[in-house]
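What follows is the content of my_file.tsv (TSV, C-alpha atoms).
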```tsv
chain	number	residue	atom	x	y	z
N	248	MET	CA	26.61	64.99	-38.35
N	249	GLU	CA	23.04	66.13	-38.71
N	250	TRP	CA	20.65	63.76	-40.46
N	251	ARG	CA	17.03	63.89	-41.53
N	252	GLU	CA	14.57	61.31	-42.95
N	253	LYS	CA	13.78	61.10	-46.60
N	254	SER	CA	10.18	61.81	-45.90
N	255	GLU	CA	11.04	65.21	-44.42
N	256	PRO	CA	9.89	68.03	-46.43
N	257	ARG	CA	12.59	69.45	-48.61
N	258	THR	CA	13.40	72.97	-48.86
N	259	GLY	CA	13.31	74.78	-52.06
N	260	LYS	CA	17.08	74.45	-52.38
N	261	LEU	CA	18.66	71.17	-53.62
N	262	ASP	CA	20.81	69.29	-51.16
N	263	THR	CA	23.90	68.73	-53.21
N	264	ASP	CA	26.51	68.57	-50.39
N	265	ILE	CA	26.74	64.87	-49.31
N	266	THR	CA	29.60	63.53	-47.32
N	267	TYR	CA	31.62	60.37	-48.03
N	268	ALA	CA	30.05	58.52	-45.10
N	269	GLU	CA	26.52	59.17	-46.38
N	270	LEU	CA	27.34	57.69	-49.77
N	271	ASN	CA	28.66	54.50	-48.20
N	272	PHE	CA	25.52	54.18	-46.14
N	273	LEU	CA	23.24	54.50	-49.18
N	274	ARG	CA	25.28	51.93	-51.14
N	275	ALA	CA	24.99	49.39	-48.34
N	276	SER	CA	21.27	49.89	-48.06
N	277	ARG	CA	20.79	49.10	-51.74
N	278	LEU	CA	22.84	45.92	-51.57
N	279	ASN	CA	20.81	44.61	-48.66
N	280	VAL	CA	17.51	45.16	-50.49
N	281	GLY	CA	18.64	43.30	-53.64
N	282	SER	CA	20.02	40.23	-51.84
N	283	MET	CA	16.92	39.42	-49.82
N	284	SER	CA	14.89	36.28	-50.96
N	285	THR	CA	11.16	36.16	-51.55
N	286	ASP	CA	10.56	33.88	-48.60
N	287	THR	CA	12.15	36.20	-46.14
N	288	PRO	CA	9.73	38.52	-44.63
N	289	ALA	CA	10.23	42.01	-45.67
N	290	VAL	CA	12.18	44.12	-43.22
N	291	PRO	CA	11.25	47.65	-43.17
N	292	ALA	CA	13.97	49.71	-44.64
N	293	LYS	CA	15.86	52.15	-42.49
N	294	PRO	CA	15.05	55.69	-43.03
N	295	THR	CA	17.21	57.12	-45.67
N	296	MET	CA	19.73	59.56	-44.11
N	297	ILE	CA	20.96	62.34	-46.21
N	298	CYS	CA	23.50	65.20	-45.36
N	299	ARG	CA	21.93	68.43	-44.55
N	300	THR	CA	23.61	71.42	-46.13
N	301	PHE	CA	24.79	74.55	-44.26
N	302	THR	CA	22.08	77.02	-43.76
N	303	PRO	CA	22.53	80.77	-43.17
N	304	SER	CA	21.82	80.22	-39.51
N	305	GLY	CA	24.67	77.67	-39.21
N	306	PHE	CA	27.02	79.94	-41.05
N	307	ARG	CA	26.14	82.72	-38.69
N	308	THR	CA	26.80	80.41	-35.74
N	309	HIS	CA	30.29	79.49	-37.06
N	310	LEU	CA	30.95	83.10	-37.86
N	311	LYS	CA	30.09	84.11	-34.31
N	312	ARG	CA	32.40	81.42	-32.99
N	313	TRP	CA	35.26	82.64	-35.16
N	314	LEU	CA	34.54	86.23	-34.28
N	315	LEU	CA	34.52	85.33	-30.57
N	316	LEU	CA	37.78	83.45	-31.01
N	317	GLY	CA	39.28	86.38	-32.89
N	318	PHE	CA	38.05	88.80	-30.23
N	319	LEU	CA	39.59	86.68	-27.51
N	320	LEU	CA	42.86	86.56	-29.48
N	321	ILE	CA	42.79	90.31	-29.94
N	322	VAL	CA	42.13	90.77	-26.19
N	323	LEU	CA	45.06	88.51	-25.39
N	324	LEU	CA	47.26	90.42	-27.79
N	325	LEU	CA	46.13	93.71	-26.26
N	326	LEU	CA	46.85	92.36	-22.75
N	327	ALA	CA	50.33	91.23	-23.83
N	328	LEU	CA	50.92	94.57	-25.52
N	329	SER	CA	49.68	96.39	-22.38
N	330	ALA	CA	52.04	94.34	-20.17
N	331	THR	CA	54.90	95.09	-22.53
N	332	LEU	CA	54.04	98.78	-22.60
N	333	LEU	CA	53.75	98.75	-18.78
N	334	CYS	CA	57.25	97.25	-18.45
N	335	LEU	CA	58.59	99.79	-20.89
N	336	TYR	CA	56.81	102.56	-19.00
N	337	LEU	CA	58.31	101.44	-15.67
N	338	GLN	CA	61.78	101.25	-17.21
N	339	VAL	CA	61.37	104.66	-18.82
N	340	SER	CA	60.03	106.07	-15.52
N	341	ALA	CA	63.03	104.71	-13.58
N	342	ARG	CA	65.38	106.07	-16.21
N	343	LEU	CA	63.59	109.43	-16.10
N	344	ALA	CA	63.88	109.50	-12.28
N	345	GLN	CA	67.61	108.76	-12.53
N	346	ASP	CA	67.99	111.38	-15.23
N	347	SER	CA	66.08	113.83	-13.00
N	348	VAL	CA	68.53	113.22	-10.12
N	349	GLU	CA	71.47	113.68	-12.44
N	350	LEU	CA	69.83	116.79	-13.85
N	351	ASP	CA	69.47	118.20	-10.33
N	352	LYS	CA	73.16	117.47	-9.71
N	353	LEU	CA	74.07	119.13	-12.97
N	354	ARG	CA	71.95	122.13	-12.05
N	355	ALA	CA	73.67	122.35	-8.65
N	356	ASN	CA	77.08	122.06	-10.31
N	357	GLY	CA	76.02	124.63	-12.85
N	358	THR	CA	74.96	127.00	-10.07
N	359	ARG	CA	78.28	126.52	-8.29
N	360	CYS	CA	80.18	126.99	-11.52
N	361	LEU	CA	78.24	130.17	-12.20
N	362	LYS	CA	79.12	131.50	-8.73
N	363	GLU	CA	82.78	130.61	-9.27
N	364	LEU	CA	82.64	132.22	-12.69
N	365	GLU	CA	81.18	135.39	-11.19
N	366	PHE	CA	83.90	135.37	-8.51
N	367	GLU	CA	86.58	134.86	-11.16
N	368	ARG	CA	85.08	137.67	-13.21
N	369	ALA	CA	85.14	139.96	-10.16
N	370	GLU	CA	88.78	139.06	-9.53
N	371	LEU	CA	89.56	139.57	-13.19
N	372	ASP	CA	87.92	142.98	-13.08
N	373	GLU	CA	89.89	143.87	-9.95
N	374	ALA	CA	93.09	142.65	-11.59
N	375	GLU	CA	92.28	144.69	-14.66
N	376	ARG	CA	91.76	147.79	-12.53
N	377	ASN	CA	95.03	147.10	-10.71
N	378	ARG	CA	96.78	146.62	-14.01
N	379	SER	CA	95.42	149.91	-15.28
N	380	SER	CA	96.54	151.64	-12.09
N	381	LEU	CA	99.98	150.08	-12.33
N	382	GLU	CA	100.29	151.09	-15.96
N	383	GLN	CA	99.37	154.64	-15.04
N	384	GLU	CA	101.91	154.67	-12.19
N	385	CYS	CA	104.51	153.19	-14.53
N	386	ARG	CA	103.86	155.94	-17.07
N	387	GLU	CA	104.14	158.55	-14.34
N	388	LEU	CA	107.42	157.01	-13.20
N	389	GLN	CA	108.76	156.97	-16.72
N	390	GLU	CA	107.63	160.53	-17.47
N	391	GLN	CA	108.36	162.26	-14.15
N	392	THR	CA	110.11	160.20	-11.49
N	393	LEU	CA	112.68	158.49	-13.70
N	394	PRO	CA	114.13	161.70	-15.15
N	395	ALA	CA	114.28	163.18	-11.66
N	396	MET	CA	115.99	160.05	-10.38
N	397	LEU	CA	118.48	160.13	-13.23
N	398	ALA	CA	119.26	163.75	-12.44
N	399	SER	CA	119.61	162.91	-8.76
N	400	HIS	CA	121.81	159.94	-9.62
N	401	LYS	CA	124.07	162.14	-11.70
N	402	GLN	CA	124.26	164.68	-8.88
N	403	PHE	CA	124.94	161.86	-6.43
N	404	GLN	CA	127.76	160.53	-8.59
N	405	MET	CA	129.30	163.96	-8.65
N	406	GLU	CA	129.00	164.19	-4.87
N	407	VAL	CA	130.49	160.71	-4.55
N	408	GLU	CA	133.47	161.77	-6.61
N	409	VAL	CA	133.92	164.78	-4.35
N	410	GLU	CA	133.63	162.57	-1.29
N	411	ARG	CA	136.15	160.14	-2.74
N	412	GLU	CA	138.63	162.94	-3.20
N	413	GLN	CA	138.02	164.14	0.34
N	414	LYS	CA	138.31	160.59	1.64
N	415	LYS	CA	141.57	160.12	-0.22
N	416	ARG	CA	142.99	163.30	1.31
N	417	LEU	CA	141.68	162.33	4.77
N	418	LEU	CA	143.20	158.88	4.41
N	419	GLN	CA	146.55	160.35	3.56
N	420	HIS	CA	146.23	162.69	6.51
N	421	TYR	CA	145.17	159.78	8.73
N	422	VAL	CA	148.23	157.76	7.72
N	423	MET	CA	150.45	160.68	8.64
N	424	VAL	CA	148.69	161.22	11.97
N	425	ASN	CA	148.71	157.49	12.70
N	426	GLU	CA	152.43	157.34	12.13
N	427	GLU	CA	152.90	160.25	14.48
N	428	CYS	CA	150.64	158.67	17.11
N	429	LYS	CA	152.42	155.35	16.76
N	430	ASP	CA	155.74	157.05	17.31
N	431	MET	CA	154.33	158.92	20.33
N	432	ARG	CA	152.76	155.75	21.78
N	433	GLU	CA	156.00	153.90	21.46
N	434	ASN	CA	157.93	156.57	23.30
N	435	ASN	CA	155.46	158.51	25.46
N	436	LEU	CA	152.32	158.14	27.51
N	437	PHE	CA	150.58	161.45	28.14
N	438	LEU	CA	148.52	161.78	31.28
N	439	SER	CA	147.43	164.38	33.76
N	440	LYS	CA	148.92	164.70	37.24
N	441	ASN	CA	145.55	163.66	38.71
N	442	SER	CA	145.50	160.31	36.89
N	443	SER	CA	145.79	157.07	38.85
N	444	LEU	CA	148.78	156.04	36.76
N	445	TYR	CA	150.67	159.19	37.67
N	446	ARG	CA	149.81	158.74	41.35
N	447	SER	CA	150.87	155.08	41.23
N	448	CYS	CA	154.19	156.03	39.70
N	449	ASN	CA	154.72	158.66	42.40
N	450	LYS	CA	154.52	155.84	44.98
N	451	THR	CA	157.28	153.79	43.38
N	452	VAL	CA	159.48	156.45	41.90
N	453	ASP	CA	162.78	157.12	43.65
N	454	PRO	CA	163.10	160.89	44.31
N	455	GLU	CA	166.86	160.59	44.21
N	456	ASP	CA	166.79	158.89	40.80
N	457	PRO	CA	167.11	161.64	38.20
N	458	SER	CA	165.66	159.34	35.53
N	459	GLY	CA	162.20	159.42	37.22
N	460	LYS	CA	161.80	155.62	36.89
N	461	CYS	CA	158.62	154.08	38.34
N	462	ILE	CA	157.22	150.53	38.52
N	463	PHE	CA	153.72	150.15	37.02
N	464	CYS	CA	151.22	147.20	37.11
N	465	PRO	CA	147.92	146.79	35.23
N	466	GLU	CA	144.68	147.47	37.04
N	467	GLY	CA	143.87	144.75	39.60
N	468	TRP	CA	147.49	143.65	39.96
N	469	VAL	CA	149.57	144.47	43.05
N	470	VAL	CA	153.16	145.60	42.71
N	471	PHE	CA	155.91	144.11	44.89
N	472	GLY	CA	159.46	144.89	43.92
N	473	PRO	CA	159.92	144.64	40.17
N	474	ARG	CA	156.91	142.27	39.76
N	475	CYS	CA	153.12	142.41	39.71
N	476	TYR	CA	150.88	139.88	41.49
N	477	LEU	CA	147.22	138.94	40.88
N	478	TYR	CA	145.16	136.89	43.35
N	479	SER	CA	142.67	134.95	41.16
N	480	PRO	CA	139.14	134.37	42.53
N	481	LEU	CA	138.69	131.21	40.40
N	482	GLU	CA	139.11	127.80	42.02
N	483	GLN	CA	140.91	125.51	39.56
N	484	ASN	CA	143.35	122.63	39.55
N	485	TRP	CA	147.07	123.32	39.36
N	486	GLU	CA	147.35	122.85	35.56
N	487	SER	CA	144.37	125.13	34.82
N	488	SER	CA	145.69	127.78	37.22
N	489	GLU	CA	149.08	127.81	35.50
N	490	ARG	CA	147.38	128.00	32.10
N	491	SER	CA	145.26	130.98	33.22
N	492	CYS	CA	148.39	132.80	34.41
N	493	ARG	CA	150.12	132.11	31.09
N	494	GLU	CA	147.14	133.66	29.25
N	495	LEU	CA	147.81	136.85	31.30
N	496	ASP	CA	151.49	136.84	30.21
N	497	GLY	CA	152.57	135.55	33.61
N	498	HIS	CA	152.90	132.32	35.64
N	499	LEU	CA	152.16	130.98	39.12
N	500	ALA	CA	153.98	132.91	41.85
N	501	ILE	CA	157.60	132.15	42.76
N	502	ILE	CA	158.68	132.60	46.40
N	503	ARG	CA	162.20	134.08	46.50
N	504	SER	CA	162.55	135.51	50.05
N	505	HIS	CA	160.98	135.77	53.52
N	506	ASP	CA	159.61	139.23	52.69
N	507	HIS	CA	158.19	137.76	49.52
N	508	VAL	CA	156.35	134.93	51.29
N	509	LYS	CA	155.05	137.38	53.91
N	510	PHE	CA	153.70	139.63	51.12
N	511	LEU	CA	151.95	136.69	49.47
N	512	ALA	CA	150.53	135.44	52.79
N	513	ASP	CA	149.04	138.88	53.38
N	514	LEU	CA	147.67	138.95	49.82
N	515	ILE	CA	145.83	135.57	49.92
N	516	SER	CA	142.92	134.59	52.15
N	517	SER	CA	142.85	130.77	51.74
N	518	THR	CA	144.90	127.85	50.46
N	519	THR	CA	146.45	128.95	47.15
N	520	TRP	CA	148.44	127.32	44.36
N	521	VAL	CA	152.04	128.53	43.78
N	522	GLY	CA	154.40	127.65	40.97
N	523	LEU	CA	156.26	124.72	42.63
N	524	SER	CA	155.81	120.98	41.81
N	525	ASP	CA	157.62	117.66	41.39
N	526	LYS	CA	155.27	116.33	38.71
N	527	ASP	CA	158.02	115.11	36.40
N	528	ILE	CA	160.33	113.41	38.92
N	529	GLU	CA	159.36	112.61	42.48
N	530	ASN	CA	161.13	114.89	45.04
N	531	ASP	CA	162.72	116.86	42.20
N	532	TRP	CA	161.00	120.15	43.00
N	533	ARG	CA	161.01	122.78	40.28
N	534	TRP	CA	159.68	126.33	39.93
N	535	VAL	CA	157.62	127.03	36.80
N	536	ASP	CA	159.89	129.86	35.61
N	537	GLY	CA	163.08	127.75	35.93
N	538	THR	CA	164.29	129.41	39.14
N	539	PRO	CA	166.56	126.88	40.95
N	540	TYR	CA	164.77	125.30	43.91
N	541	SER	CA	168.00	125.29	45.92
N	542	SER	CA	168.35	129.08	45.66
N	543	THR	CA	164.99	129.90	47.29
N	544	PRO	CA	163.96	129.61	50.96
N	545	LYS	CA	161.84	126.62	52.05
N	546	PHE	CA	158.68	126.86	54.12
N	547	TRP	CA	157.82	123.19	54.61
N	548	PRO	CA	156.38	122.17	57.96
N	549	ARG	CA	158.12	119.23	59.69
N	550	SER	CA	155.55	116.71	58.33
N	551	GLN	CA	155.78	117.99	54.76
N	552	PRO	CA	156.19	117.08	52.00
N	553	ASP	CA	154.60	113.67	52.70
N	554	ASN	CA	153.38	112.73	49.16
N	555	VAL	CA	150.27	111.03	50.55
N	556	GLY	CA	148.19	109.79	47.60
N	557	ASN	CA	150.63	111.12	44.96
N	558	GLU	CA	150.76	114.78	46.01
N	559	ASP	CA	152.96	116.65	43.51
N	560	CYS	CA	151.80	120.31	43.55
N	561	VAL	CA	152.47	122.93	46.25
N	562	THR	CA	149.98	125.24	47.97
N	563	LEU	CA	150.62	128.24	50.21
N	564	SER	CA	148.57	128.86	53.35
N	565	ALA	CA	147.87	132.18	55.05
N	566	ASP	CA	150.31	131.15	57.83
N	567	MET	CA	153.14	131.12	55.19
N	568	SER	CA	153.49	127.29	55.25
N	569	TRP	CA	153.74	125.03	52.21
N	570	ASN	CA	151.96	121.77	51.57
N	571	ASP	CA	152.17	119.20	48.78
N	572	ASP	CA	148.62	118.56	47.54
N	573	LYS	CA	147.01	116.53	44.80
N	574	CYS	CA	147.28	118.51	41.56
N	575	TRP	CA	143.64	117.93	40.59
N	576	TRP	CA	142.22	119.57	43.71
N	577	LEU	CA	140.54	122.96	43.23
N	578	TYR	CA	142.13	126.02	44.87
N	579	ARG	CA	142.53	129.69	44.14
N	580	SER	CA	145.87	130.82	42.71
N	581	VAL	CA	148.24	133.79	42.64
N	582	CYS	CA	149.93	134.86	39.39
N	583	GLU	CA	153.02	136.99	38.89
N	584	LYS	CA	154.68	138.79	36.00
N	585	LEU	CA	157.29	141.49	35.52
N	586	ALA	CA	156.08	145.03	36.13
N	587	SER	CA	156.31	147.71	33.48
N	588	VAL	CA	159.02	150.33	33.89
N	589	LEU	CA	157.97	153.93	33.14
N	590	TYR	CA	159.88	157.19	33.30
N	591	ILE	CA	158.31	160.49	34.32
N	592	LYS	CA	159.75	163.38	32.36
N	593	SER	CA	158.45	166.95	32.29
N	594	GLY	CA	154.75	166.27	32.74
N	595	HIS	CA	154.42	163.00	30.81
N	596	ILE	CA	155.41	159.38	31.24
N	597	ASN	CA	157.91	157.87	28.85
N	598	SER	CA	158.61	154.16	28.36
```
Show me the file's structure as structure tokens.
Amino acid sequence: MEWREKSEPRTGKLDTDITYAELNFLRASRLNVGSMSTDTPAVPAKPTMICRTFTPSGFRTHLKRWLLLGFLLIVLLLLALSATLLCLYLQVSARLAQDSVELDKLRANGTRCLKELEFERAELDEAERNRSSLEQECRELQEQTLPAMLASHKQFQMEVEVEREQKKRLLQHYVMVNEECKDMRENNLFLSKNSSLYRSCNKTVDPEDPSGKCIFCPEGWVVFGPRCYLYSPLEQNWESSERSCRELDGHLAIIRSHDHVKFLADLISSTTWVGLSDKDIENDWRWVDGTPYSSTPKFWPRSQPDNVGNEDCVTLSADMSWNDDKCWWLYRSVCEKLASVLYIKSGHINS
């Protein structure tokens, strides 16, 4: 509080603003003056303190303080607003940078899409040109080629009908000729006198036989008497050799005489299977064609047959001797079958 003495000069303006504390002080001063006795020496009274009113200079001082406080508050608000705007700016900048990257990607995709679109347009244009060309060709086919083809087809059908008639007549003629040929094949075999068949028949034909009969064997077979013989180059076991002979309409060779065994010994060059075995019953020797074993000559050496190790099939050696061997051994074989009988009559051979 600001105080001044009563004796101070007053200003022209009345001091009317007095605080509650000043009033209490004045009241106490009055009570002390009244209660003092006459004998008590007088105590000088305290200077009267009165409240000084606000002057324009004090108001200006308070106003400056409030203005400074307001300015500071405004500065703080501006700083807070600046910080907020800075944060927003950074966020917006980051978002703009991200949007810029995405925009670049979109531009790249857009460029690629434009290139693909241009390529598709070029292909579409090419397809359109091809379609136009095809349509033109189709019109040409419909207007020119198709009528010509229809005319050609009609002409072709007519030619086919003619060919069918010719084929029908040729087929009938073929049936007639085939019947004639079949009849001729069954009864005659035409050949020239220089043919090998004719020469072969001349070797076996009997000049004194008026029928002109000759014995004939297929190519590769050798004739001996009324039979043909084939020396096989394959080395097989006895069962396979017999099966191969059966496939040639024959069987393994049967030895019926001394001349026969000599012929076979001259024909072969190594150990060879013949059609004799006792596979079913031991020592019951049988020929494959059913010829009785007792009716044929025997060419066993003194030590044979010995049946060493279950030997049940017979081989012929070049020295005309027999031997019982194991049926699963591999040897060459000689097959036989009946020869064909042909008759030479007036320049052709007749069966």
- For Glu494 in chain N, which residue among N:Glu410, N:Glu583, N:Asp513, N:Asp506 is the nearest when counting only C-alpha atoms? N:Glu583
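When only C-alpha atoms are used to compute distances to Pro544 in chain N, the closest of the residues N:Ile502, N:Met405, N:Leu481, N:Val322 turns out to be N:Ile502.
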- Message: Applying 9 Å and all atoms listed in the file, which residues near Pro473 in chain N remain after dropping the ones on its own chain fewer than 5 positions away? List them as a ChimeraX atom specification.
- Response: /N:462-463,584-588
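We find CA of Tyr578 in chain N and CA of Pro539 in chain N to be spaced 24.8 Å apart.
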- Rank N:Ala341, N:Val581, N:Val422, N:Cys574 by their smallest atom-to-atom distance to Leu495 in chain N, using only C-alpha atoms, and report the top residue only. N:Val581
- Item | Interatomic distance (Å, one decimal) between CA of Gly522 in chain N and CA of Ala565 in chain N | 16.2 Å
- Item | Test item: residues at most 8 Å from Ser580 in chain N, all atoms listed in the file, excluding those fewer than 4 positions along its chain, as a list of chain:residue names |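 Here the answer would be N:Tyr478, N:Ser479, N:Pro480, N:Leu481, N:Glu482, N:Gln483, N:Ser488, N:Leu499, N:Thr519, N:Trp520, N:Val521.
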- Message: Just to confirm, what's the straight-line distance from CA of Gly472 in chain N to CA of Asn484 in chain N in Å (one decimal)?
- Response: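 That distance, rounded to one decimal, is 27.8 Å.
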- Message: Distance cut-off 9 Å, centre (150.3, 129.6, 55.8) in file coordinates, counting only C-alpha atoms: which residues qualify? Return them as a ChimeraX atom specification.
- Response: /N:512,517-518,546,562-569
So that I have them on file, write out the residues from the current selection with C-alpha atoms, as an mmCIF file, in the coordinates of the input.
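Wrote it out as out.cif, contents follow:
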```
data_model
loop_
_atom_site.group_PDB
_atom_site.id
_atom_site.type_symbol
_atom_site.label_atom_id
_atom_site.label_comp_id
_atom_site.auth_asym_id
_atom_site.auth_seq_id
_atom_site.Cartn_x
_atom_site.Cartn_y
_atom_site.Cartn_z
ATOM 1 C CA ALA N 512 150.530 135.440 52.790
ATOM 2 C CA SER N 517 142.850 130.770 51.740
ATOM 3 C CA THR N 518 144.900 127.850 50.460
ATOM 4 C CA PHE N 546 158.680 126.860 54.120
ATOM 5 C CA THR N 562 149.980 125.240 47.970
ATOM 6 C CA LEU N 563 150.620 128.240 50.210
ATOM 7 C CA SER N 564 148.570 128.860 53.350
ATOM 8 C CA ALA N 565 147.870 132.180 55.050
ATOM 9 C CA ASP N 566 150.310 131.150 57.830
ATOM 10 C CA MET N 567 153.140 131.120 55.190
ATOM 11 C CA SER N 568 153.490 127.290 55.250
ATOM 12 C CA TRP N 569 153.740 125.030 52.210
#
```
- Task: Select, from N:Glu382, N:Leu332, N:Leu314, N:Asp553, the residue with the minimum atom-to-atom distance to Glu529 in chain N, counting all atoms listed in the file.
- Result: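 The shortest atom-to-atom distance to Glu529 in chain N comes from N:Asp553.
All protein and nucleic acid residues in the vicinity of (143.6, 115.8, 41.6), that is within 9 Å when counting all atoms listed in the file, are Asn484, Trp485, Glu558, Asp572, Lys573, Cys574, Trp575, Trp576 and Leu577 of chain N.
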